[in-house]
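Shown here: input-v9.tsv, TSV, C-alpha atoms.
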```
chain	number	residue	atom	x	y	z
A	1	GLU	CA	126.06	112.91	106.10
A	2	ARG	CA	124.30	109.92	107.60
A	3	GLN	CA	120.86	111.41	106.94
A	4	GLN	CA	121.79	112.21	103.36
A	5	SER	CA	123.03	108.65	102.91
A	6	GLU	CA	119.68	107.31	104.15
A	7	ILE	CA	117.79	109.65	101.83
A	8	ASN	CA	119.86	108.48	98.86
A	9	LYS	CA	119.28	104.84	99.81
A	10	HIS	CA	115.51	105.37	99.91
A	11	LYS	CA	115.59	107.14	96.54
A	12	ARG	CA	117.48	104.20	95.01
A	13	ASN	CA	114.95	101.76	96.47
A	14	GLU	CA	112.15	103.68	94.79
A	15	MET	CA	113.78	103.01	91.42
A	16	VAL	CA	114.41	99.26	91.91
A	17	ARG	CA	111.53	97.46	90.20
A	18	ILE	CA	110.12	94.16	91.45
A	19	PRO	CA	109.03	91.85	88.60
A	20	VAL	CA	105.29	91.12	88.53
A	21	GLU	CA	105.86	87.36	88.26
A	22	ILE	CA	108.14	87.14	91.32
A	23	ASP	CA	107.43	84.30	93.77
A	24	PHE	CA	107.99	85.56	97.30
A	25	LYS	CA	107.21	82.11	98.74
A	26	GLY	CA	110.29	80.68	97.05
A	27	MET	CA	112.67	83.15	98.70
A	28	THR	CA	114.68	81.69	101.55
A	29	GLY	CA	115.17	84.18	104.35
A	30	LEU	CA	111.91	86.11	104.16
A	31	LYS	CA	109.77	85.96	107.26
A	32	THR	CA	106.35	84.33	106.91
A	33	GLU	CA	104.56	87.60	107.61
A	34	ALA	CA	106.61	89.37	104.93
A	35	VAL	CA	105.81	86.67	102.36
A	36	GLU	CA	102.10	87.01	103.14
A	37	LYS	CA	102.12	90.82	102.94
A	38	LEU	CA	104.27	91.02	99.81
A	39	THR	CA	102.10	88.43	98.05
A	40	ARG	CA	98.94	90.25	99.09
A	41	PHE	CA	100.00	93.81	98.18
A	42	LYS	CA	102.32	93.04	95.22
A	43	PRO	CA	104.60	96.10	95.49
A	44	THR	CA	106.19	97.28	92.25
A	45	THR	CA	109.35	98.76	93.83
A	46	LEU	CA	111.59	98.06	96.82
A	47	GLY	CA	110.51	101.40	98.25
A	48	GLN	CA	106.86	100.34	98.25
A	49	ALA	CA	107.79	96.98	99.77
A	50	GLY	CA	109.67	98.72	102.56
A	51	ARG	CA	106.61	100.75	103.52
A	52	ILE	CA	104.39	97.70	104.02
A	53	GLU	CA	103.70	97.03	107.67
A	54	GLY	CA	105.25	93.74	108.70
A	55	VAL	CA	108.07	93.88	106.13
A	56	THR	CA	111.33	94.48	107.99
A	57	PRO	CA	114.63	95.95	106.78
A	58	SER	CA	116.08	92.42	106.84
A	59	ASP	CA	113.28	91.28	104.52
A	60	ILE	CA	114.14	94.13	102.15
A	61	ALA	CA	117.81	93.07	102.28
A	62	VAL	CA	116.84	89.50	101.30
A	63	LEU	CA	114.64	90.84	98.49
A	64	THR	CA	117.44	93.13	97.28
A	65	ILE	CA	119.91	90.25	97.11
A	66	TYR	CA	117.40	88.08	95.26
A	67	LEU	CA	116.71	90.85	92.71
A	68	LYS	CA	120.43	91.43	92.10
A	69	ARG	CA	120.94	87.73	91.40
A	70	ALA	CA	117.94	87.47	89.07
```

Just give me the structure of the file as structure tokens.
Amino acid sequence: ERQQSEINKHKRNEMVRIPVEIDFKGMTGLKTEAVEKLTRFKPTTLGQAGRIEGVTPSDIAVLTIYLKRA
């Protein structure tokens, strides 16, 4: 059950789009390394962002919250 839950979570993250014009530097809570990597690679989905080296699960949580509010 737990594995299936993780699989479903990753599938949902692949469908959550990140706007092109997003400003990662303005997000409180992201680590400096994550801001640098996200700005450099410009992922289009949360799933892509989560696969970038240096972007932690807590960074993805901050990004998720920001996207839900926007």

Discussion item. Need the shell around Thr44 in chain A: protein/DNA/RNA residues with any atom at most 8 Å away, counting all atoms listed in the file. Skip same-chain ones fewer than 3 positions apart. Format as a ChimeraX atom specification?
Written reply: /A:17-20,48-49

Discussion item. Please compute the CA of Thr39 in chain A-CA of Lys68 in chain A distance, one decimal, in Å.
Written reply: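 Computing the Euclidean distance for CA of Thr39 in chain A and CA of Lys68 in chain A yields 19.5 Å.
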
Worksheet item: Quick one: distance from CA of Glu36 in chain A to CA of Glu14 in chain A in Å, one decimal?
Response: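 One can read the CA of Glu36 in chain A to CA of Glu14 in chain A distance as 21.2 Å.
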
Item to complete: In Å, rounded to a single decimal, give me how far CA of Gly47 in chain A is from CA of Tyr66 in chain A.
Response: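 Going from CA of Tyr66 in chain A over to CA of Gly47 in chain A covers 15.3 Å.
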
Worksheet item: When distances are computed from only C-alpha atoms, which of A:Met27, A:Leu46, A:Asp59, A:Gly54 shows the smallest separation from Met15 in chain A?
Response: A:Leu46

Worksheet item: So which one's closest to Arg51 in chain A, A:Gln4, A:Ile65, A:Lys25, A:Ala34? Using only C-alpha atoms, please.
Response: A:Ala34

Discussion item. Counting only C-alpha atoms, which residue out of A:Leu30, A:Glu1, A:Leu63, A:Phe41 sits closest to Asn13 in chain A?
Written reply: A:Leu63

File for range 7-24 of chain A (N, CA and C atoms), as an mmCIF file, in the first residue's frame:
```
data_model
loop_
_atom_site.group_PDB
_atom_site.id
_atom_site.type_symbol
_atom_site.label_atom_id
_atom_site.label_comp_id
_atom_site.auth_asym_id
_atom_site.auth_seq_id
_atom_site.Cartn_x
_atom_site.Cartn_y
_atom_site.Cartn_z
ATOM 1 N N ILE A 7 3.961 5.739 -5.581
ATOM 2 C CA ILE A 7 3.852 5.732 -7.049
ATOM 3 C C ILE A 7 2.795 6.737 -7.495
ATOM 4 N N ASN A 8 1.653 6.727 -6.827
ATOM 5 C CA ASN A 8 0.576 7.660 -7.174
ATOM 6 C C ASN A 8 1.006 9.108 -6.959
ATOM 7 N N LYS A 9 1.741 9.351 -5.884
ATOM 8 C CA LYS A 9 2.235 10.701 -5.590
ATOM 9 C C LYS A 9 3.166 11.177 -6.698
ATOM 10 N N HIS A 10 4.065 10.317 -7.151
ATOM 11 C CA HIS A 10 4.988 10.683 -8.220
ATOM 12 C C HIS A 10 4.248 10.929 -9.537
ATOM 13 N N LYS A 11 3.229 10.143 -9.798
ATOM 14 C CA LYS A 11 2.433 10.349 -11.016
ATOM 15 C C LYS A 11 1.722 11.700 -10.978
ATOM 16 N N ARG A 12 1.186 12.058 -9.808
ATOM 17 C CA ARG A 12 0.526 13.365 -9.671
ATOM 18 C C ARG A 12 1.524 14.495 -9.881
ATOM 19 N N ASN A 13 2.727 14.343 -9.320
ATOM 20 C CA ASN A 13 3.749 15.376 -9.482
ATOM 21 C C ASN A 13 4.143 15.576 -10.941
ATOM 22 N N GLU A 14 4.069 14.522 -11.730
ATOM 23 C CA GLU A 14 4.396 14.639 -13.154
ATOM 24 C C GLU A 14 3.362 15.477 -13.897
ATOM 25 N N MET A 15 2.159 15.573 -13.345
ATOM 26 C CA MET A 15 1.098 16.331 -14.021
ATOM 27 C C MET A 15 0.996 17.777 -13.542
ATOM 28 N N VAL A 16 1.658 18.112 -12.424
ATOM 29 C CA VAL A 16 1.579 19.478 -11.897
ATOM 30 C C VAL A 16 2.575 20.348 -12.650
ATOM 31 N N ARG A 17 2.053 21.301 -13.415
ATOM 32 C CA ARG A 17 2.886 22.170 -14.244
ATOM 33 C C ARG A 17 3.447 23.323 -13.419
ATOM 34 N N ILE A 18 4.659 23.728 -13.745
ATOM 35 C CA ILE A 18 5.294 24.889 -13.140
ATOM 36 C C ILE A 18 5.277 25.992 -14.193
ATOM 37 N N PRO A 19 4.671 27.149 -13.881
ATOM 38 C CA PRO A 19 4.612 28.240 -14.862
ATOM 39 C C PRO A 19 6.013 28.684 -15.293
ATOM 40 N N VAL A 20 6.155 29.033 -16.556
ATOM 41 C CA VAL A 20 7.445 29.442 -17.111
ATOM 42 C C VAL A 20 7.968 30.700 -16.416
ATOM 43 N N GLU A 21 7.071 31.607 -16.070
ATOM 44 C CA GLU A 21 7.474 32.903 -15.519
ATOM 45 C C GLU A 21 7.704 32.880 -14.003
ATOM 46 N N ILE A 22 7.701 31.721 -13.386
ATOM 47 C CA ILE A 22 7.835 31.624 -11.932
ATOM 48 C C ILE A 22 9.203 32.140 -11.473
ATOM 49 N N ASP A 23 9.199 32.825 -10.329
ATOM 50 C CA ASP A 23 10.429 33.371 -9.752
ATOM 51 C C ASP A 23 10.783 32.563 -8.510
ATOM 52 N N PHE A 24 11.727 31.652 -8.658
ATOM 53 C CA PHE A 24 12.119 30.796 -7.550
ATOM 54 C C PHE A 24 12.818 31.600 -6.451
#
```
